[in-house]
Amino acid sequence: MRILWNRLSSALLVLCAASFITFTLARVIPSDPALAYIGPKATAADSAKLRITLGLDQPIPVQYFKYVWQTLHGNWGYSLSTKQPVLQEIINRLPATLELIFFAMSFAVIFGVAMGVYAAKYRGRLQDSVIRIVAIAGVSMPAFWLGLLLQMLFAGRLTWFPATGQFDIDLKYDNPISKVTGFPIFDSIITGNFAATVNGLHHMVLPALTLSAYSFGLLSRMARANLLEVMSQDYIKVARAYGLSERLVFFKLALRNALPPIITVTGLSTAYLITGTFFVEQVYNWPGIGSFAVNSLLSIDYPAIMGITLLAAVGYLVINFIVDLIHAKLDPRVWMR
Amino acid sequence: MSTVLKISHLEVDFEINGVITNTPLRGINLEIKAGKTLGIVGETGCGKTLTATAIMGLLPSSAIQRGEIEFGNHGDITKADMADIRGSEITMIFQNPQSAFNPIFSIGAQLTMVAQRRGISDIPATLTARLESVGLRDPKRVLESYPHELSGGMLQRAMIAMALLSSPTLLIADEPTTALDATIGDHVLTLIAALQKREGFAMLFISHDVTAVAKTSDEIAVIYAGRVVETGPTSEVMKSPQHPYTQGLLGAIPSAEKARGTLVAIPGNVPSVLTNIKGCAFADRCSLQMDKCAQEPPTVQIGKQSVACWAVNS
Amino acid sequence: MSEVVMQISQVTKVFPLRDSKVGFKAVDSISIDLHKGEVLGVVGESGSGKSTLARCAFGITEPTSGGTTILGESLVGKSRKATRELRANLGFVFQDPAGSINPRMSVYDAIAEPLMLAGMDSASIDTRVNFLMDRVGLASSQLSRKSHELSGGQCQRVAIARALATNPKIVLLDEPTSSLDLSVQAQILNLLEELRRDFDLTYFLISHNLDVVSHLSDRVAVMKDGVFVEVGTTRQVIDTPKHPFTRELIRVYSGASCEFDLDTWQDGPLNRWAFQNVSTFLPTKVIAASPEPLSLDIELDANLDAITIDVADSTYTLPELLADVDTDSIVVVRKGVLVYEKYFNGMTPDSVHLLQSVSKSILGALYAVMAERGVIDIDKPIAFYLPELVGSVYEAATIAQALDMTVAINFSEDYSDPQSEMARLDRAAGWRTNTTGHDLGLRSFLRTMTASGEHGKAYQYCSANTDVLAWLISEVTQTPYQDLLTRYIWQPMGAHDDASVIVDREGLSVGNGGISCTTRDLARFGLLIVNGGRANGEQVIPAAWVNATFAGASADVESADYLQALHPGGSYKNKWWITAGASREIFGVGIYGQYVWVDPTSETVIAKFSSLPIPVDGVHSRKHMALFRAICAQ
């Protein structure tokens, strides 16, 4: 229990630090947020007035505490470019991104680990070599490039999948999705909107595949390496010496020992996917946080940047916390540390 | 007295892509009598553990094995037979009890898996009784514990309990005390000896520690570079070692009685397992080296000892 | 003696512990001097603190308190430069040879590095490196190699050359050969001796290996739990070890057989292991602990370690005398407070130890309870309850006579004679190998016992009397002996741990000496007696019985010479020994040095286990009496 408490409190600390650093950085970059807000035609007087309205005349720590206070009360500020509340913008776009991450990660974990295990089992054979090459390709190819490549091949040439977007445009008129949770594919499933489900999944394939490539490669390599490492441990020799079946040795004893690091990597690469969506959403014109983030960055929309950073940090911490919990469940030694 | 295990002319090659890379075992002949202990002593890389691995039928697929391993009334045991014998009639305890147990399963879970494999009916009661019989005072706690929660001595006892679950005919102990403190190790050896008296299993005791082997074994086999160079009753071998290597090994044990700086220091090093050996492997470290040593020395009988050395032969 | 080159004074190192303010004392105020040219060997097991001591002494780790002077100058409180100059007198060789040489460095660089740091010019470095290579027996062709291209022995030679590069006076050898094969170890040990002689070096050697330490050292210090339990010249320590741990270590390294022998397990040295592990080679039954154990207040009395005891023409301190009588453990409870507690020979507060005949005294207490409850009438003949014994000595002998050892029986209690009735009893109980095929089990043995005269007249110690009583009570109550003990003694008195009792092949408890329990629980049993039979506010044993036991045997009973020789005026009653000393102590005693000592005057209880090499002798008994009385007098 104390460990949980420790983890939680340190997570909170990280959150404060992350938000403060981004906040300060956003303030010290050579760009006047007031100007950005009212546009290039504003007078100096307008700008000064706005600075007071926005509280920009106060010292940075004061501004920061104000910001924290307001953030905690759900006021994440207004986007400078869209003039909408940042929180609203995020809530509108988050489901699309989360669904994308969910599909990408599920694919990476299921196939990545399975491929890794398969490669470990057939170590040194042809299957192993093929999987390893695919894994290396997945890790080393930049997401935007892979995205373009897949787009050209499967959408452009073969036309198996749509090139961009989350749904076909006419879906809105033919089979509109009733909003329940805000997650479009999920909503279409629970409302029994079959056409929308199929259409959404069809659109999902290429971006999810692109986004998952890195994690897939990483996980299959990790799974393979870990399993091989575990298989060479003394306790596996002992299990064999005691005549335990090869199935039991491999799938129960060895795999369970290999899991904790795989889970850590899953957590880390999920966090990595959050930034990965920036490019993938851009390439596939996906209406999620990623494209919003890229636009905000380009226009130095600091309330939006702050909001997205905060969201990413929270996401990262939550994932890590879950990883820690699973770890502790799997490995009794964790409680010792 | 019946023979439990007889190994004749055991040789093991390792090959990669059809090319033999090395021959770590070049002629192991051993015999273990029922209820008795044979101690194998040798330095790093001499093939002690590999011999045990071969007996257990756990050699990797890159190994080519020649010679016979006859076990009890099973005759020469092939790999297929081994699956039934391994872990039931022949069991093994290992050097490092901390790594021999799987870190993420409780001791109870691991013993249960072995007990299930052996078809033991009342598992909890059997495990409790077994742990008590190896001197673990609180079996319930031990069963619930994870390996990192127990001391090395306790883990080694639990390992012994696991080895004896199936009432084996032969127990292979591979450096069972090397990772333990001397006094704890001594207690473990006494425990094994007491259990052996009570249950009558034969033991193959493998160690680099001549003293430990001498303490526990009825017979001793000295291995050098994959070959048995001397065997015989422990007391005889310790009293009058015949092979120059055995003599050197005993002379190298430091003690307060030996004058400082005068230990027998066999020059050079144990040959690497990759060395291609012709003739007597010990020849180039031996003070009695002669021309004949370029050929494989035959094994000759001197009293109750068997020795593979030309110098003794001539 | 030659000059002192290193003076280690009062070095203490405490490591902070989580959840503890006190911390873990790895080294506890150790002082020792190193003389020029000598080898001081420190031997100890893992966790003994020997490495920490060496690190503190050589300034690698900062000690919590105390310090070292090197050639008369202190290592602490110096400028960096002065410290470095002082450190140039020190050399280090560690266990893992490959690990102590930077894997990217060539042999040449590894040896030259300390010389470069000392500011030597390259030509001199060249000469020096070649000189050192030659001295440690390495060919100059190996200069360009890296550590992974060398064997373990060669690596260690490089490490030695490096340690000697700057001409140090004192070299720390920390397990220098522990990862080497025996034949290579011998080479290195010979080399170290040769270098020491040629360069007039002083070695501080630490190792877990007594063989290595005793071979190389002039003086040996045996370290355990942060202190030196014994220091002396190598010959003194090896030939006349004082501390049980030293003796144990010497035995382990002597190559004495670990062969377990059912005929000799009670004798030393096998009993040092066997008394703590009877359940591994003999069948036992559990005497269960209390669900609400009696808690003991602990206030350790440090003064006890300082008391001196005069016995057998020598004067001992308490720790010395405890060591002398092969103590395995001791617990002293004074006025209900635990004031002294020591464990040796691998014992812990959780370990159990065989009580031998102290088991009899526990049976005595059980009989008091049974008689009070009217389960038995102790004045009835034994065969009244066990008709099977009609025709044997127990046809006429009463329970009371068996309790007071006044049964006239043809029984020799000679522990050394394999033909004695005692040896036959052991064989019947399964305590020795039974090759005769007779006496398979206690019952059939007891039936064969015959009378030698009139009962109740004279004291005659006979273990069989107790076995017959253990059998009787379980027969009458139709309850196994261990369950009776659990219910009427062990749980009511608040035992903290399970105890056990050895049973024969028929499952009958060996009443004469088969109980094993923890030291603290034996002390709790003593506490029950000193408190007039009360524990946890309940009358567990009748007070009248306790008083009768303190009063001793009736004057009509003829005593025995061996009893009077040790305890003039003493007697035996209710399975307890009664002294005629001023404070009327009573005690239970078992062969090989097991005791529960109850002194009503000072309200002190002492529980003590030993593994003496021989079963009984006057010298050890006298030492024990003196030890107990000295403690009680505090």
# chains A, B, ... in the order shown; residues from 1 in each chain; ligands from 1
call {"tool": "select_by_dssp", "arguments": {"residues": "region 40-79 of chain B", "states": "helix (DSSP H, G or I)", "output": "PyMOL selection string"}}
result
chain B and resi 48-55+72-74+79
call {"tool": "write_last_selection", "arguments": {"atoms": "N, CA and C atoms", "output": "PDB file, in the first residue's frame"}}
result
ATOM      1  N   LYS B  48      32.529 -31.827 -15.501  1.00  0.00           N
ATOM      2  CA  LYS B  48      31.731 -32.390 -14.396  1.00  0.00           C
ATOM      3  C   LYS B  48      30.241 -32.203 -14.644  1.00  0.00           C
ATOM      4  N   THR B  49      29.863 -30.932 -14.854  1.00  0.00           N
ATOM      5  CA  THR B  49      28.446 -30.622 -14.998  1.00  0.00           C
ATOM      6  C   THR B  49      27.891 -31.205 -16.285  1.00  0.00           C
ATOM      7  N   LEU B  50      28.735 -31.225 -17.310  1.00  0.00           N
ATOM      8  CA  LEU B  50      28.293 -31.776 -18.591  1.00  0.00           C
ATOM      9  C   LEU B  50      27.956 -33.264 -18.443  1.00  0.00           C
ATOM     10  N   THR B  51      28.744 -33.966 -17.628  1.00  0.00           N
ATOM     11  CA  THR B  51      28.465 -35.374 -17.372  1.00  0.00           C
ATOM     12  C   THR B  51      27.074 -35.522 -16.754  1.00  0.00           C
ATOM     13  N   ALA B  52      26.787 -34.658 -15.753  1.00  0.00           N
ATOM     14  CA  ALA B  52      25.465 -34.710 -15.117  1.00  0.00           C
ATOM     15  C   ALA B  52      24.379 -34.406 -16.137  1.00  0.00           C
ATOM     16  N   THR B  53      24.626 -33.398 -16.973  1.00  0.00           N
ATOM     17  CA  THR B  53      23.639 -33.018 -17.980  1.00  0.00           C
ATOM     18  C   THR B  53      23.371 -34.178 -18.929  1.00  0.00           C
ATOM     19  N   ALA B  54      24.424 -34.904 -19.279  1.00  0.00           N
ATOM     20  CA  ALA B  54      24.270 -36.053 -20.176  1.00  0.00           C
ATOM     21  C   ALA B  54      23.461 -37.151 -19.493  1.00  0.00           C
ATOM     22  N   ILE B  55      23.733 -37.386 -18.212  1.00  0.00           N
ATOM     23  CA  ILE B  55      22.974 -38.414 -17.494  1.00  0.00           C
ATOM     24  C   ILE B  55      21.495 -38.049 -17.459  1.00  0.00           C
ATOM     25  N   GLY B  72      20.188 -48.614 -13.635  1.00  0.00           N
ATOM     26  CA  GLY B  72      19.457 -49.669 -12.955  1.00  0.00           C
ATOM     27  C   GLY B  72      19.101 -50.791 -13.911  1.00  0.00           C
ATOM     28  N   ASN B  73      17.827 -51.185 -13.904  1.00  0.00           N
ATOM     29  CA  ASN B  73      17.440 -52.259 -14.812  1.00  0.00           C
ATOM     30  C   ASN B  73      16.843 -51.729 -16.104  1.00  0.00           C
ATOM     31  N   HIS B  74      17.030 -50.439 -16.341  1.00  0.00           N
ATOM     32  CA  HIS B  74      16.550 -49.877 -17.600  1.00  0.00           C
ATOM     33  C   HIS B  74      17.497 -50.154 -18.759  1.00  0.00           C
ATOM     34  N   LYS B  79      17.016 -41.155 -25.028  1.00  0.00           N
ATOM     35  CA  LYS B  79      16.343 -39.903 -24.694  1.00  0.00           C
ATOM     36  C   LYS B  79      14.879 -40.114 -24.370  1.00  0.00           C
TER      37      LYS B  79
END
call {"tool": "closest_atom_pairs", "arguments": {"of": "region 151-238 of chain A", "to": "region 68-91 of chain A", "cutoff": "12 Å", "atoms": "only C-alpha atoms", "output": "Markdown table"}}
result
| residue | atom | partner | partner_atom | distance |
| --- | --- | --- | --- | --- |
| A:Thr181 | CA | A:Ile91 | CA | 11.0 |
| A:Gly182 | CA | A:Ile91 | CA | 8.7 |
| A:Phe183 | CA | A:Ile91 | CA | 10.4 |
call {"tool": "write_last_selection", "arguments": {"atoms": "N, CA, C and O atoms", "output": "CSV table (one decimal), in the first residue's frame"}}
result
chain,number,residue,atom,x,y,z
A,181,THR,N,-21.0,7.9,-26.2
A,181,THR,CA,-19.8,8.2,-25.4
A,181,THR,C,-18.9,9.2,-26.1
A,181,THR,O,-18.0,9.7,-25.5
A,182,GLY,N,-19.1,9.4,-27.4
A,182,GLY,CA,-18.2,10.3,-28.1
A,182,GLY,C,-17.1,9.6,-28.9
A,182,GLY,O,-16.4,10.1,-29.7
A,183,PHE,N,-17.0,8.3,-28.6
A,183,PHE,CA,-16.0,7.4,-29.3
A,183,PHE,C,-16.7,6.9,-30.5
A,183,PHE,O,-17.6,6.0,-30.4
call {"tool": "interface_residues", "arguments": {"of": "chain A", "to": "chain B", "cutoff": "7 Å", "atoms": "only C-alpha atoms", "output": "PDB file with N, CA and C atoms, in the first residue's frame"}}
result
ATOM      1  N   ASP A 234      18.682 -20.830 -14.868  1.00  0.00           N
ATOM      2  CA  ASP A 234      18.810 -22.073 -14.114  1.00  0.00           C
ATOM      3  C   ASP A 234      17.458 -22.720 -13.832  1.00  0.00           C
ATOM      4  N   TYR A 235      16.478 -21.876 -13.450  1.00  0.00           N
ATOM      5  CA  TYR A 235      15.224 -22.487 -13.018  1.00  0.00           C
ATOM      6  C   TYR A 235      14.492 -23.173 -14.149  1.00  0.00           C
ATOM      7  N   VAL A 238      16.127 -26.481 -14.276  1.00  0.00           N
ATOM      8  CA  VAL A 238      15.608 -27.291 -13.170  1.00  0.00           C
ATOM      9  C   VAL A 238      14.253 -27.875 -13.554  1.00  0.00           C
ATOM     10  N   ALA A 241      14.778 -30.612 -15.801  1.00  0.00           N
ATOM     11  CA  ALA A 241      15.395 -31.749 -15.112  1.00  0.00           C
ATOM     12  C   ALA A 241      14.352 -32.510 -14.301  1.00  0.00           C
ATOM     13  N   TYR A 242      13.279 -31.815 -13.887  1.00  0.00           N
ATOM     14  CA  TYR A 242      12.238 -32.498 -13.136  1.00  0.00           C
ATOM     15  C   TYR A 242      11.134 -33.021 -14.039  1.00  0.00           C
ATOM     16  N   GLY A 243      11.438 -33.057 -15.333  1.00  0.00           N
ATOM     17  CA  GLY A 243      10.541 -33.717 -16.256  1.00  0.00           C
ATOM     18  C   GLY A 243       9.242 -32.973 -16.524  1.00  0.00           C
ATOM     19  N   LEU A 244       9.172 -31.675 -16.179  1.00  0.00           N
ATOM     20  CA  LEU A 244       7.951 -30.929 -16.481  1.00  0.00           C
ATOM     21  C   LEU A 244       7.822 -30.805 -17.999  1.00  0.00           C
ATOM     22  N   ASN A 257       7.804 -15.293 -16.703  1.00  0.00           N
ATOM     23  CA  ASN A 257       8.995 -14.560 -16.289  1.00  0.00           C
ATOM     24  C   ASN A 257       9.380 -13.492 -17.297  1.00  0.00           C
ATOM     25  N   ASP A 331       5.183  -9.927 -10.401  1.00  0.00           N
ATOM     26  CA  ASP A 331       6.486 -10.243  -9.823  1.00  0.00           C
ATOM     27  C   ASP A 331       6.508  -9.878  -8.341  1.00  0.00           C
ATOM     28  N   PRO A 332       6.555 -10.907  -7.484  1.00  0.00           N
ATOM     29  CA  PRO A 332       6.487 -10.642  -6.045  1.00  0.00           C
ATOM     30  C   PRO A 332       7.657  -9.810  -5.534  1.00  0.00           C
TER      31      PRO A 332
END
call {"tool": "atom_distance", "arguments": {"atom1": "CA of Ala108 (chain A)", "atom2": "CA of Leu219 (chain A)"}}
result
7.2 Å
call {"tool": "interface_residues", "arguments": {"of": "chain C", "to": "chain B", "cutoff": "7 Å", "atoms": "only C-alpha atoms", "output": "count of residues only"}}
result
30
call {"tool": "select_by_dssp", "arguments": {"residues": "region 99-215 of chain B", "states": "strand (DSSP E)", "output": "number ranges by chain"}}
result
B: 170-174, 202-207
call {"tool": "write_last_selection", "arguments": {"atoms": "all heavy atoms", "output": "PDB file, in the first residue's frame"}}
result
ATOM      1  N   LEU B 170      18.598 -42.347  -7.557  1.00  0.00           N
ATOM      2  CA  LEU B 170      19.871 -41.632  -7.674  1.00  0.00           C
ATOM      3  C   LEU B 170      19.631 -40.132  -7.554  1.00  0.00           C
ATOM      4  O   LEU B 170      18.751 -39.578  -8.200  1.00  0.00           O
ATOM      5  CB  LEU B 170      20.507 -41.946  -9.046  1.00  0.00           C
ATOM      6  CG  LEU B 170      21.774 -41.161  -9.400  1.00  0.00           C
ATOM      7  CD1 LEU B 170      22.925 -41.547  -8.488  1.00  0.00           C
ATOM      8  CD2 LEU B 170      22.156 -41.398 -10.853  1.00  0.00           C
ATOM      9  N   LEU B 171      20.434 -39.505  -6.714  1.00  0.00           N
ATOM     10  CA  LEU B 171      20.370 -38.049  -6.577  1.00  0.00           C
ATOM     11  C   LEU B 171      21.676 -37.485  -7.123  1.00  0.00           C
ATOM     12  O   LEU B 171      22.760 -37.901  -6.706  1.00  0.00           O
ATOM     13  CB  LEU B 171      20.202 -37.654  -5.106  1.00  0.00           C
ATOM     14  CG  LEU B 171      20.236 -36.153  -4.813  1.00  0.00           C
ATOM     15  CD1 LEU B 171      18.972 -35.481  -5.318  1.00  0.00           C
ATOM     16  CD2 LEU B 171      20.393 -35.883  -3.323  1.00  0.00           C
ATOM     17  N   ILE B 172      21.557 -36.566  -8.079  1.00  0.00           N
ATOM     18  CA  ILE B 172      22.749 -35.897  -8.579  1.00  0.00           C
ATOM     19  C   ILE B 172      22.846 -34.541  -7.884  1.00  0.00           C
ATOM     20  O   ILE B 172      21.915 -33.742  -7.950  1.00  0.00           O
ATOM     21  CB  ILE B 172      22.686 -35.704 -10.105  1.00  0.00           C
ATOM     22  CG1 ILE B 172      22.532 -37.058 -10.797  1.00  0.00           C
ATOM     23  CG2 ILE B 172      23.939 -34.986 -10.601  1.00  0.00           C
ATOM     24  CD1 ILE B 172      22.419 -36.973 -12.302  1.00  0.00           C
ATOM     25  N   ALA B 173      23.947 -34.319  -7.201  1.00  0.00           N
ATOM     26  CA  ALA B 173      24.128 -33.046  -6.500  1.00  0.00           C
ATOM     27  C   ALA B 173      25.279 -32.309  -7.171  1.00  0.00           C
ATOM     28  O   ALA B 173      26.430 -32.714  -7.065  1.00  0.00           O
ATOM     29  CB  ALA B 173      24.435 -33.301  -5.029  1.00  0.00           C
ATOM     30  N   ASP B 174      24.931 -31.244  -7.903  1.00  0.00           N
ATOM     31  CA  ASP B 174      25.947 -30.507  -8.651  1.00  0.00           C
ATOM     32  C   ASP B 174      26.373 -29.277  -7.842  1.00  0.00           C
ATOM     33  O   ASP B 174      25.634 -28.303  -7.764  1.00  0.00           O
ATOM     34  CB  ASP B 174      25.368 -30.091 -10.012  1.00  0.00           C
ATOM     35  CG  ASP B 174      26.421 -29.429 -10.896  1.00  0.00           C
ATOM     36  OD1 ASP B 174      27.594 -29.348 -10.473  1.00  0.00           O
ATOM     37  OD2 ASP B 174      26.067 -28.993 -12.008  1.00  0.00           O
ATOM     38  N   ALA B 202      21.225 -43.558  -3.977  1.00  0.00           N
ATOM     39  CA  ALA B 202      22.636 -43.395  -4.335  1.00  0.00           C
ATOM     40  C   ALA B 202      22.844 -41.939  -4.723  1.00  0.00           C
ATOM     41  O   ALA B 202      21.892 -41.231  -5.047  1.00  0.00           O
ATOM     42  CB  ALA B 202      22.979 -44.299  -5.502  1.00  0.00           C
ATOM     43  N   MET B 203      24.096 -41.480  -4.668  1.00  0.00           N
ATOM     44  CA  MET B 203      24.315 -40.072  -4.978  1.00  0.00           C
ATOM     45  C   MET B 203      25.537 -39.889  -5.878  1.00  0.00           C
ATOM     46  O   MET B 203      26.550 -40.557  -5.706  1.00  0.00           O
ATOM     47  CB  MET B 203      24.480 -39.265  -3.685  1.00  0.00           C
ATOM     48  CG  MET B 203      24.744 -37.793  -3.941  1.00  0.00           C
ATOM     49  SD  MET B 203      24.305 -36.736  -2.552  1.00  0.00           S
ATOM     50  CE  MET B 203      25.627 -37.096  -1.443  1.00  0.00           C
ATOM     51  N   LEU B 204      25.372 -38.979  -6.821  1.00  0.00           N
ATOM     52  CA  LEU B 204      26.509 -38.521  -7.607  1.00  0.00           C
ATOM     53  C   LEU B 204      26.790 -37.103  -7.141  1.00  0.00           C
ATOM     54  O   LEU B 204      25.982 -36.202  -7.348  1.00  0.00           O
ATOM     55  CB  LEU B 204      26.173 -38.537  -9.100  1.00  0.00           C
ATOM     56  CG  LEU B 204      27.290 -38.075 -10.038  1.00  0.00           C
ATOM     57  CD1 LEU B 204      28.478 -39.013  -9.964  1.00  0.00           C
ATOM     58  CD2 LEU B 204      26.800 -37.997 -11.470  1.00  0.00           C
ATOM     59  N   PHE B 205      27.911 -36.926  -6.470  1.00  0.00           N
ATOM     60  CA  PHE B 205      28.217 -35.636  -5.863  1.00  0.00           C
ATOM     61  C   PHE B 205      29.301 -34.963  -6.696  1.00  0.00           C
ATOM     62  O   PHE B 205      30.400 -35.492  -6.846  1.00  0.00           O
ATOM     63  CB  PHE B 205      28.701 -35.855  -4.427  1.00  0.00           C
ATOM     64  CG  PHE B 205      28.947 -34.580  -3.678  1.00  0.00           C
ATOM     65  CD1 PHE B 205      27.930 -33.972  -2.958  1.00  0.00           C
ATOM     66  CD2 PHE B 205      30.195 -33.980  -3.682  1.00  0.00           C
ATOM     67  CE1 PHE B 205      28.152 -32.800  -2.270  1.00  0.00           C
ATOM     68  CE2 PHE B 205      30.425 -32.804  -3.002  1.00  0.00           C
ATOM     69  CZ  PHE B 205      29.407 -32.206  -2.293  1.00  0.00           C
ATOM     70  N   ILE B 206      28.965 -33.807  -7.253  1.00  0.00           N
ATOM     71  CA  ILE B 206      29.891 -33.132  -8.150  1.00  0.00           C
ATOM     72  C   ILE B 206      30.408 -31.873  -7.491  1.00  0.00           C
ATOM     73  O   ILE B 206      29.622 -31.059  -7.005  1.00  0.00           O
ATOM     74  CB  ILE B 206      29.163 -32.758  -9.459  1.00  0.00           C
ATOM     75  CG1 ILE B 206      28.676 -34.024 -10.149  1.00  0.00           C
ATOM     76  CG2 ILE B 206      30.057 -31.941 -10.363  1.00  0.00           C
ATOM     77  CD1 ILE B 206      27.776 -33.753 -11.316  1.00  0.00           C
ATOM     78  N   SER B 207      31.718 -31.702  -7.437  1.00  0.00           N
ATOM     79  CA  SER B 207      32.238 -30.486  -6.827  1.00  0.00           C
ATOM     80  C   SER B 207      33.657 -30.196  -7.284  1.00  0.00           C
ATOM     81  O   SER B 207      34.398 -31.100  -7.659  1.00  0.00           O
ATOM     82  CB  SER B 207      32.205 -30.593  -5.304  1.00  0.00           C
ATOM     83  OG  SER B 207      32.674 -29.411  -4.723  1.00  0.00           O
TER      84      SER B 207
END
call {"tool": "atom_distance", "arguments": {"atom1": "CA of Ile32 (chain B)", "atom2": "CA of Val273 (chain B)"}}
result
26.2 Å
